[in-house]
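Only one structure is covered here, and it is reproduced in the block below.
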Amino acid sequence: MMEWVTVHVLEKYNFWIAMLIIIIGLTATIVKENLVKKLIGLSIFQTAFFLWVVSLGDVGRNILITWGLKTQTPPILWSEAAEKGYIYANPLPHVLMLTGIVVSAATTAVALAIVIRIYQNYGTIEEDEIIQKELEFERAG
Amino acid sequence: MDLVEHFPVLIVGLSMFLAYTMLLAGYLNRRLPFFMSLAMNSFFLILSLFILNHVLATGPIRYWQGGWRPPWGIEYVVDAMNAYLLVIVISMVILGLIYSRGNVRHEIEERKHVTFYVLVQLMAAGMYGITVTGDLFNMFIWLEIASLTAYALIAVAGGRALRSAYNYVIMGSIGACLYIFGVCWIYSVTGTLNFADMRLLLPLVYDNRAVQMGFAMIVVGVMIKAYIFPLHLWQPDVYTYAPSTISSMMASVHVKVMFYMLLRMFYSVFTLDFIRHYIGLDLLICWVAAIAILAGSIWAIKQRNLKRMLAYSSVSQMGYILLGLGLSPLSPWGLVGVAAHILNHAIGKGCLFMCAGAISQQEGLRDIRDFEGLGKKMPHVCAAFTIAALSMIGIPLTAGFASKLFLIVASLDAAQYPFVAVLLLSGLLNLVYFWRVIDQMYFVKHKGTENAAEVRETGKSLPLSMVAPILILASLCIIMGIIWLTNIPMPLINHILSNLRMGVTL
C-alpha cells in the first residue's frame, strides 16, 4: 500500500494537484448559473492545465535521484553546468504555455465582452433568469 | 526550392497581415475592407490552385519556417488532402464574402461593418492555417484564431445570438483545451510536436496509457468543435441566430476544417494500426456516426425554424463524414466518401444557409409554415434551394448522390451491412424534412394570392451580389454530381489515398 502511494501519488503529486484543480474548474463551469462564475471556472480549468504542462518541464527528477545530483538548472548554457553535467529543465512546455496563456486571456476577454452585451440585453447574468426572459419573449411573439 | 513551395506560408501570412491592414484602411473608407478582402482572397485562390497542381504533379510540399529543420522548427506540410481542402475553403470564403455584401447591410449595424470584415478575414486566416500546418501546437493556435473570431462573429447579430455565442465560447474553449491537453500528454511521452516525427516515434509507445489517454482527449476535443452528435448541443442555437453569412461559412467550411484535424490525427499522427488494434475505435466510430445521422435527421424533422432545421441537418451530415472516416480502415472507399462529402456538403449546405438568409431578408420569413407561395415570389432562390436540398437528399445526378454512393460502396466493401440500411433510411428522413419545405414553397396555395402583385412591390428585391453566389453553388451541386461519377477526380482521389494510407490506392 505504502509503495503504491509513493509510486503513484507522492512521485506524481503534480499530476494529482493539477487534476484536482481541473475538476474544480470544470465543475464550476457546469454547475454555476451565473455567467461570470462559469467563466471563472473556465479560467481555473485552463490555468490548472497550464500548471500541469509547466510541471512537465521538470524532466530530470528521476535522473537526479539516481545520479545523486542536487540541482536542476534553468535552460541556460553556461560553462559550469556543462562541465558538471547538470540536467536542465525542458524549456519547451514553458514556451508553449506562454502562448496558451495569451489564448486563454483572449478567450476570457471575448467571453466577458459577450457577457456585458448579454447584461445590456437581458438586464441579468443569471442563466435561469435569461432563459425565463427568452421564454417570455417567445410567448409574447 | 520551387516558388510554389512558398505559397502555403504566403497565403497564411498575408491573410493575417491583410486583416490588420483592413482595420486601418477601414478608417479611411468604410467600403475598402470588403474590396481588399475580396481581391486578396481571389489572389489566394489562384495560389491555392497552383499548390494543388504542384502537389498532384510532384508530391507533398514541406516548408520549414525560418529554415529550422523539423522537429525543432515549425513545418508546413501540404499534401493532396490539404491542397484540396484549401481550395474548397478559399472558394467558399470568397462566395461568402460576395454574399455578405448585400446581407450585412440588412443584418448588421453600419458602424460594425469594418470590424465584421476584419474578423471574417481573421477567421479565414485561422482556417487556412489549420489546413496547411504540420505541427500539433501550431494547429492549436490556428484553431483558437478560427474559433475566437467565430465567437465574436456570432455575437455580432445581438439578441438571442449572444447567449448561443456564450455557450459556444464555453463549449469551444473546453474542446480546444481538451485538444491541447491530449497533445501535451503525447508530447510528454514522445518529446516532439511535429506530425511526421510523431508518426515515426509513436509506434514504439502505442501501449502507453498516456498516449492512449492523449488520443482520447484529442478526439473528444475535436469532436466538440465538429459537433459530432452527442457533443452538438451548442450548434443549433449558434447556426439559428448567427448572421446568415456566418452560418453559411461555418456550416460549409469552418466545421470541415475542424473535422480535417480529426482526419490528420487518425492518419498523419497516429496510424490505422493504432486505431484498429490498440484501441479498437473504428467500428465504435461507425456506430456513433450512424446514431448521429439518424438522430440529426429526426431532430431536423421536428423543427419549424428553417435555419434550425438546416443546423440539425448539418449534425446528420457530419455523421456521414464521420461514417466515412470510421469505415476507412476497412475499405479505401471510406476515405473517398469523406473527401467527396467534404466538398458536396460545403457547397450544398452553404447554398441552403444562403437561401435561408435571403428568404428572411426579402420576405422576413423564418418559420417553414409561412413559406406558402414563396416559389412565385422568389423563383431563383427557391429553385436553388430545391436543387441544393435534392443534393442533400441524394437524388441521382446531384453532388450528394455521389458521396452517398461512395459511402454505400464503402460499407459493402467493408462487409458492414447495417450502415447501408442507415444510409438509405437517412435518405428517406432527409426527404421528409426537405420535402416539407419544398412542398410549402411550390404546392401549397397562398391564402392571400389575390394581392400577390402588391407583395411583389413592397418586398425589396435581392441584390445580384446575394443571388449570384446562391446560383453558383446550386449549379455546382449538379456539376459536381456529374464530375464525381466520371474519371476526372481520380488522380486527386488516388493522391489523397496514397498520401494518407501510405501507398495503398484504389
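Residues are referred to by chain and number: the chain letter is A, B, ... according to the order shown in the C-alpha cells, the number counts from 1 in that chain, and ligands are numbered separately from 1 in the order shown.
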Worksheet item: Any idea which chain B residues end up within 9 Å of chain A if we count only C-alpha atoms, as a PyMOL selection string please?
Response: chain B and resi 137+141+144-145+148-149+151-152+155+158-160+162-163+165-166+169-170+173-174+177+181+184-185+188
For the residues in the current selection, export C-alpha atoms as a CSV table (one decimal), in the first residue's frame.
```
chain,number,residue,atom,x,y,z
B,137,PHE,CA,0.8,23.1,-31.3
B,141,ILE,CA,-3.0,28.3,-32.3
B,144,GLU,CA,-8.1,29.3,-31.5
B,145,ILE,CA,-7.8,32.1,-34.0
B,148,LEU,CA,-12.3,33.2,-31.2
B,149,THR,CA,-13.2,35.2,-34.3
B,151,TYR,CA,-17.4,33.6,-31.2
B,152,ALA,CA,-17.3,37.3,-31.9
B,155,ALA,CA,-22.3,37.6,-31.1
B,158,GLY,CA,-27.1,40.5,-31.0
B,159,GLY,CA,-30.3,39.4,-29.2
B,160,ARG,CA,-30.6,35.6,-28.9
B,162,LEU,CA,-25.5,36.4,-27.6
B,163,ARG,CA,-26.4,33.5,-25.4
B,165,ALA,CA,-22.3,32.6,-28.6
B,166,TYR,CA,-21.6,32.4,-24.9
B,169,VAL,CA,-17.4,30.1,-26.0
B,170,ILE,CA,-17.7,27.7,-23.1
B,173,SER,CA,-12.9,26.5,-25.1
B,174,ILE,CA,-13.3,23.2,-23.3
B,177,CYS,CA,-8.4,22.8,-24.1
B,181,PHE,CA,-4.4,18.6,-23.2
B,184,CYS,CA,0.6,17.6,-24.2
B,185,TRP,CA,0.1,14.1,-22.9
B,188,SER,CA,5.2,14.2,-22.5
```
Fill in: All helix (DSSP H, G or I) positions in region 3-133 of chain A, as a ChimeraX atom specification
/A:3-10,13-31,35-56,61-67,79-84,92-122,127-133
Worksheet item: Of the candidates A:Leu20, A:Leu77, A:Ala140, A:Ile125, which one gets nearest to Lys37 (chain A) if we count only C-alpha atoms?
Response: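 That would be A:Ile125, the residue with the smallest distance to Lys37 (chain A).
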Response to the item:
Using only C-alpha atoms, the best pick from A:Glu11, A:Trp4, A:Ile44, A:Glu80 as closest to Ile23 (chain A) would be A:Ile44
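What separates CA of Arg501 (chain B) from CA of Thr271 (chain B) is a distance of 8.8 Å.
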Practice prompt. Show which residues sit within 12 Å of Leu365 (chain B), as a list in words. Count only C-alpha atoms, and ignore same-chain residues fewer than 3 positions away.
Written response: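 My reading of the contact set: Arg304, Asn305, Leu306, Lys307, Cys355, Ala356, Gly357, Ala358, Ile359, Ser360, Gln361, Gln362, Ile368, Arg369, Asp370, Phe371, Glu372, Leu374, Met441 and Gly459 of chain B.
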What would the file look like if the residues just selected were written as an mmCIF file, in the first residue's frame with N, CA and C atoms?
```
data_model
loop_
_atom_site.group_PDB
_atom_site.id
_atom_site.type_symbol
_atom_site.label_atom_id
_atom_site.label_comp_id
_atom_site.auth_asym_id
_atom_site.auth_seq_id
_atom_site.Cartn_x
_atom_site.Cartn_y
_atom_site.Cartn_z
ATOM 1 N N ARG B 304 -39.316 23.859 -36.791
ATOM 2 C CA ARG B 304 -40.156 24.730 -37.614
ATOM 3 C C ARG B 304 -39.347 25.879 -38.193
ATOM 4 N N ASN B 305 -38.287 26.290 -37.500
ATOM 5 C CA ASN B 305 -37.430 27.364 -37.992
ATOM 6 C C ASN B 305 -36.504 26.791 -39.065
ATOM 7 N N LEU B 306 -36.455 27.441 -40.234
ATOM 8 C CA LEU B 306 -35.692 26.874 -41.355
ATOM 9 C C LEU B 306 -34.219 26.720 -41.006
ATOM 10 N N LYS B 307 -33.616 27.792 -40.402
ATOM 11 C CA LYS B 307 -32.188 27.724 -40.128
ATOM 12 C C LYS B 307 -31.880 26.651 -39.084
ATOM 13 N N CYS B 355 -29.673 30.632 -48.915
ATOM 14 C CA CYS B 355 -31.081 30.775 -49.298
ATOM 15 C C CYS B 355 -31.907 31.167 -48.082
ATOM 16 N N ALA B 356 -31.648 30.533 -46.934
ATOM 17 C CA ALA B 356 -32.414 30.860 -45.728
ATOM 18 C C ALA B 356 -32.227 32.325 -45.376
ATOM 19 N N GLY B 357 -30.968 32.825 -45.490
ATOM 20 C CA GLY B 357 -30.708 34.235 -45.213
ATOM 21 C C GLY B 357 -31.441 35.134 -46.185
ATOM 22 N N ALA B 358 -31.442 34.733 -47.476
ATOM 23 C CA ALA B 358 -32.094 35.553 -48.497
ATOM 24 C C ALA B 358 -33.591 35.617 -48.256
ATOM 25 N N ILE B 359 -34.191 34.464 -47.884
ATOM 26 C CA ILE B 359 -35.641 34.441 -47.648
ATOM 27 C C ILE B 359 -35.993 35.333 -46.470
ATOM 28 N N SER B 360 -35.179 35.255 -45.387
ATOM 29 C CA SER B 360 -35.519 36.074 -44.223
ATOM 30 C C SER B 360 -35.247 37.540 -44.507
ATOM 31 N N GLN B 361 -34.301 37.831 -45.425
ATOM 32 C CA GLN B 361 -34.030 39.235 -45.736
ATOM 33 C C GLN B 361 -35.140 39.857 -46.584
ATOM 34 N N GLN B 362 -35.567 39.121 -47.640
ATOM 35 C CA GLN B 362 -36.551 39.739 -48.535
ATOM 36 C C GLN B 362 -37.965 39.686 -47.971
ATOM 37 N N ILE B 368 -41.046 27.718 -41.330
ATOM 38 C CA ILE B 368 -41.320 26.987 -42.565
ATOM 39 C C ILE B 368 -42.800 27.060 -42.927
ATOM 40 N N ARG B 369 -43.687 27.129 -41.896
ATOM 41 C CA ARG B 369 -45.125 27.104 -42.183
ATOM 42 C C ARG B 369 -45.598 28.369 -42.900
ATOM 43 N N ASP B 370 -44.770 29.428 -42.886
ATOM 44 C CA ASP B 370 -45.183 30.665 -43.560
ATOM 45 C C ASP B 370 -44.706 30.736 -45.003
ATOM 46 N N PHE B 371 -44.128 29.652 -45.519
ATOM 47 C CA PHE B 371 -43.477 29.736 -46.828
ATOM 48 C C PHE B 371 -44.428 29.555 -48.002
ATOM 49 N N GLU B 372 -45.742 29.636 -47.750
ATOM 50 C CA GLU B 372 -46.679 29.352 -48.851
ATOM 51 C C GLU B 372 -46.457 30.298 -50.021
ATOM 52 N N LEU B 374 -43.995 30.834 -51.855
ATOM 53 C CA LEU B 374 -42.717 31.534 -51.956
ATOM 54 C C LEU B 374 -42.067 31.292 -53.315
ATOM 55 N N MET B 441 -43.211 25.702 -50.426
ATOM 56 C CA MET B 441 -42.795 26.735 -51.369
ATOM 57 C C MET B 441 -43.618 26.689 -52.653
ATOM 58 N N GLY B 459 -42.061 44.083 -51.315
ATOM 59 C CA GLY B 459 -40.843 43.336 -50.980
ATOM 60 C C GLY B 459 -39.640 43.919 -51.696
#
```
Item to complete: Determine, counting only C-alpha atoms, which protein, DNA and RNA residues have an atom within 8 Å of an atom of Leu23 (chain B); residues of the same chain fewer than 6 positions away are not included. Present the result as a list of chain:residue names.
Response: B:Pro33, B:Val114, B:Thr115, B:Val118
Requested write-out: C-alpha atoms of the selected residues, as an mmCIF file, in the first residue's frame:
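The result, written out as selection-v6.cif:
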```
data_model
loop_
_atom_site.group_PDB
_atom_site.id
_atom_site.type_symbol
_atom_site.label_atom_id
_atom_site.label_comp_id
_atom_site.auth_asym_id
_atom_site.auth_seq_id
_atom_site.Cartn_x
_atom_site.Cartn_y
_atom_site.Cartn_z
ATOM 1 C CA PRO B 33 -12.040 46.409 -46.304
ATOM 2 C CA VAL B 114 -15.361 47.317 -40.938
ATOM 3 C CA THR B 115 -14.666 45.099 -37.935
ATOM 4 C CA VAL B 118 -11.678 42.174 -40.407
#
```
Fill in: Who sits within 12 Å of Val220 (chain B), only C-alpha atoms, same chain under 4 positions skipped, as a PyMOL selection string
chain B and resi 171-172+174-182+213-216+224-232+258-259+261-262+265+285
Selected residues written out with N, CA and C atoms, as a PDB file, in the first residue's frame:
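Output (part02.pdb):
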```
ATOM      1  N   MET B 171     -18.243  25.838 -24.522  1.00  0.00           N
ATOM      2  CA  MET B 171     -18.033  24.504 -25.093  1.00  0.00           C
ATOM      3  C   MET B 171     -16.779  24.471 -25.960  1.00  0.00           C
ATOM      4  N   GLY B 172     -16.614  25.517 -26.789  1.00  0.00           N
ATOM      5  CA  GLY B 172     -15.465  25.549 -27.688  1.00  0.00           C
ATOM      6  C   GLY B 172     -14.155  25.624 -26.927  1.00  0.00           C
ATOM      7  N   ILE B 174     -13.591  24.501 -23.883  1.00  0.00           N
ATOM      8  CA  ILE B 174     -13.326  23.193 -23.282  1.00  0.00           C
ATOM      9  C   ILE B 174     -12.808  22.242 -24.357  1.00  0.00           C
ATOM     10  N   GLY B 175     -13.404  22.305 -25.548  1.00  0.00           N
ATOM     11  CA  GLY B 175     -12.958  21.449 -26.638  1.00  0.00           C
ATOM     12  C   GLY B 175     -11.506  21.717 -27.005  1.00  0.00           C
ATOM     13  N   ALA B 176     -11.168  22.996 -27.188  1.00  0.00           N
ATOM     14  CA  ALA B 176      -9.801  23.345 -27.575  1.00  0.00           C
ATOM     15  C   ALA B 176      -8.831  22.964 -26.462  1.00  0.00           C
ATOM     16  N   CYS B 177      -9.261  23.155 -25.201  1.00  0.00           N
ATOM     17  CA  CYS B 177      -8.392  22.820 -24.079  1.00  0.00           C
ATOM     18  C   CYS B 177      -8.144  21.318 -24.023  1.00  0.00           C
ATOM     19  N   LEU B 178      -9.212  20.516 -24.288  1.00  0.00           N
ATOM     20  CA  LEU B 178      -9.034  19.066 -24.298  1.00  0.00           C
ATOM     21  C   LEU B 178      -8.063  18.675 -25.401  1.00  0.00           C
ATOM     22  N   TYR B 179      -8.157  19.352 -26.549  1.00  0.00           N
ATOM     23  CA  TYR B 179      -7.248  19.042 -27.657  1.00  0.00           C
ATOM     24  C   TYR B 179      -5.801  19.260 -27.234  1.00  0.00           C
ATOM     25  N   ILE B 180      -5.520  20.461 -26.665  1.00  0.00           N
ATOM     26  CA  ILE B 180      -4.128  20.764 -26.324  1.00  0.00           C
ATOM     27  C   ILE B 180      -3.679  19.913 -25.139  1.00  0.00           C
ATOM     28  N   PHE B 181      -4.640  19.553 -24.278  1.00  0.00           N
ATOM     29  CA  PHE B 181      -4.373  18.631 -23.177  1.00  0.00           C
ATOM     30  C   PHE B 181      -3.838  17.304 -23.735  1.00  0.00           C
ATOM     31  N   GLY B 182      -4.579  16.758 -24.703  1.00  0.00           N
ATOM     32  CA  GLY B 182      -4.169  15.499 -25.313  1.00  0.00           C
ATOM     33  C   GLY B 182      -2.813  15.625 -25.980  1.00  0.00           C
ATOM     34  N   MET B 213      -4.611   7.880 -23.636  1.00  0.00           N
ATOM     35  CA  MET B 213      -5.414   8.916 -22.982  1.00  0.00           C
ATOM     36  C   MET B 213      -5.360  10.216 -23.793  1.00  0.00           C
ATOM     37  N   GLY B 214      -4.147  10.564 -24.256  1.00  0.00           N
ATOM     38  CA  GLY B 214      -3.997  11.773 -25.057  1.00  0.00           C
ATOM     39  C   GLY B 214      -4.819  11.692 -26.326  1.00  0.00           C
ATOM     40  N   PHE B 215      -4.783  10.525 -26.967  1.00  0.00           N
ATOM     41  CA  PHE B 215      -5.562  10.354 -28.201  1.00  0.00           C
ATOM     42  C   PHE B 215      -7.051  10.535 -27.914  1.00  0.00           C
ATOM     43  N   ALA B 216      -7.522   9.922 -26.808  1.00  0.00           N
ATOM     44  CA  ALA B 216      -8.946  10.043 -26.473  1.00  0.00           C
ATOM     45  C   ALA B 216      -9.317  11.502 -26.256  1.00  0.00           C
ATOM     46  N   ILE B 224     -16.073  17.977 -30.168  1.00  0.00           N
ATOM     47  CA  ILE B 224     -16.905  19.094 -29.701  1.00  0.00           C
ATOM     48  C   ILE B 224     -16.909  20.189 -30.750  1.00  0.00           C
ATOM     49  N   LYS B 225     -15.731  20.496 -31.297  1.00  0.00           N
ATOM     50  CA  LYS B 225     -15.630  21.552 -32.296  1.00  0.00           C
ATOM     51  C   LYS B 225     -16.380  21.186 -33.570  1.00  0.00           C
ATOM     52  N   ALA B 226     -16.369  19.893 -33.926  1.00  0.00           N
ATOM     53  CA  ALA B 226     -17.000  19.481 -35.183  1.00  0.00           C
ATOM     54  C   ALA B 226     -18.418  18.975 -34.938  1.00  0.00           C
ATOM     55  N   TYR B 227     -19.016  19.320 -33.826  1.00  0.00           N
ATOM     56  CA  TYR B 227     -20.361  18.925 -33.389  1.00  0.00           C
ATOM     57  C   TYR B 227     -20.797  17.529 -33.850  1.00  0.00           C
ATOM     58  N   ILE B 228     -20.003  16.523 -33.506  1.00  0.00           N
ATOM     59  CA  ILE B 228     -20.425  15.139 -33.708  1.00  0.00           C
ATOM     60  C   ILE B 228     -21.507  14.843 -32.668  1.00  0.00           C
ATOM     61  N   PHE B 229     -22.496  14.020 -32.994  1.00  0.00           N
ATOM     62  CA  PHE B 229     -23.805  14.013 -32.373  1.00  0.00           C
ATOM     63  C   PHE B 229     -23.925  14.269 -30.862  1.00  0.00           C
ATOM     64  N   PRO B 230     -23.377  13.457 -29.958  1.00  0.00           N
ATOM     65  CA  PRO B 230     -23.761  13.787 -28.573  1.00  0.00           C
ATOM     66  C   PRO B 230     -23.149  15.106 -28.104  1.00  0.00           C
ATOM     67  N   LEU B 231     -22.195  15.643 -28.843  1.00  0.00           N
ATOM     68  CA  LEU B 231     -21.496  16.856 -28.422  1.00  0.00           C
ATOM     69  C   LEU B 231     -21.929  18.070 -29.248  1.00  0.00           C
ATOM     70  N   HIS B 232     -23.122  18.006 -29.843  1.00  0.00           N
ATOM     71  CA  HIS B 232     -23.525  19.060 -30.779  1.00  0.00           C
ATOM     72  C   HIS B 232     -24.333  20.148 -30.102  1.00  0.00           C
ATOM     73  N   MET B 258     -12.395  21.786 -38.919  1.00  0.00           N
ATOM     74  CA  MET B 258     -12.298  21.117 -37.620  1.00  0.00           C
ATOM     75  C   MET B 258     -12.230  19.602 -37.813  1.00  0.00           C
ATOM     76  N   PHE B 259     -13.070  19.110 -38.737  1.00  0.00           N
ATOM     77  CA  PHE B 259     -13.075  17.670 -38.969  1.00  0.00           C
ATOM     78  C   PHE B 259     -11.759  17.208 -39.567  1.00  0.00           C
ATOM     79  N   MET B 261      -8.929  18.179 -38.800  1.00  0.00           N
ATOM     80  CA  MET B 261      -7.981  17.923 -37.714  1.00  0.00           C
ATOM     81  C   MET B 261      -8.080  16.473 -37.248  1.00  0.00           C
ATOM     82  N   LEU B 262      -9.324  15.985 -37.151  1.00  0.00           N
ATOM     83  CA  LEU B 262      -9.540  14.601 -36.733  1.00  0.00           C
ATOM     84  C   LEU B 262      -8.910  13.639 -37.739  1.00  0.00           C
ATOM     85  N   MET B 265      -5.258  13.532 -37.270  1.00  0.00           N
ATOM     86  CA  MET B 265      -4.897  12.732 -36.097  1.00  0.00           C
ATOM     87  C   MET B 265      -4.911  11.256 -36.452  1.00  0.00           C
ATOM     88  N   ILE B 285     -16.658   4.212 -33.890  1.00  0.00           N
ATOM     89  CA  ILE B 285     -16.893   5.498 -34.572  1.00  0.00           C
ATOM     90  C   ILE B 285     -17.998   5.355 -35.598  1.00  0.00           C
TER      91      ILE B 285
END
```
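When only C-alpha atoms are used to compute distances to Tyr187 (chain B), the closest of the residues B:Ser268, B:Leu136, B:Leu464, B:Gly373 turns out to be B:Leu136.
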Worksheet item: region 389-400 of chain B: which residues within 6 Å, counting only C-alpha atoms, same-chain residues fewer than 6 positions away excluded, as a PyMOL selection string?
Response: chain B and resi 344+427+430-431+477-478+480-482
Discussion item. What's around Phe7 (chain B) at 9 Å? Count only C-alpha atoms, leave out sequence neighbours fewer than 4 positions away in its own chain, and write the answer as a list in words.
Written reply: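 Counting only the stated atoms, we get Leu3, Ile11, Val12, Phe44, Leu47, Ser48, Phe50 and Ile51 of chain B.
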Would you mind exporting N, CA and C atoms of the selected residues as a short mmCIF file (atom, residue, chain, number, x, y, z; two decimals), in the first residue's frame?
```cif
data_model
loop_
_atom_site.label_atom_id
_atom_site.label_comp_id
_atom_site.auth_asym_id
_atom_site.auth_seq_id
_atom_site.Cartn_x
_atom_site.Cartn_y
_atom_site.Cartn_z
N LEU B 3 9.23 27.99 -56.41
CA LEU B 3 8.47 29.15 -55.93
C LEU B 3 7.15 28.73 -55.28
N ILE B 11 0.02 32.43 -48.18
CA ILE B 11 -1.44 32.57 -48.01
C ILE B 11 -1.75 32.89 -46.56
N VAL B 12 -1.15 32.13 -45.63
CA VAL B 12 -1.47 32.31 -44.22
C VAL B 12 -0.94 33.64 -43.71
N PHE B 44 -5.44 34.52 -53.35
CA PHE B 44 -5.11 33.27 -52.64
C PHE B 44 -5.68 32.06 -53.36
N LEU B 47 -3.31 31.14 -55.99
CA LEU B 47 -2.14 30.49 -55.38
C LEU B 47 -2.47 29.06 -54.98
N SER B 48 -3.68 28.86 -54.39
CA SER B 48 -4.01 27.52 -53.91
C SER B 48 -4.20 26.56 -55.08
N PHE B 50 -2.44 26.74 -57.82
CA PHE B 50 -1.06 26.39 -58.17
C PHE B 50 -0.53 25.32 -57.22
N ILE B 51 -0.86 25.48 -55.91
CA ILE B 51 -0.40 24.50 -54.93
C ILE B 51 -0.96 23.12 -55.25
#
```
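Picture a line from CA of Arg62 (chain B) to CA of Trp142 (chain B); it runs 18.3 Å.
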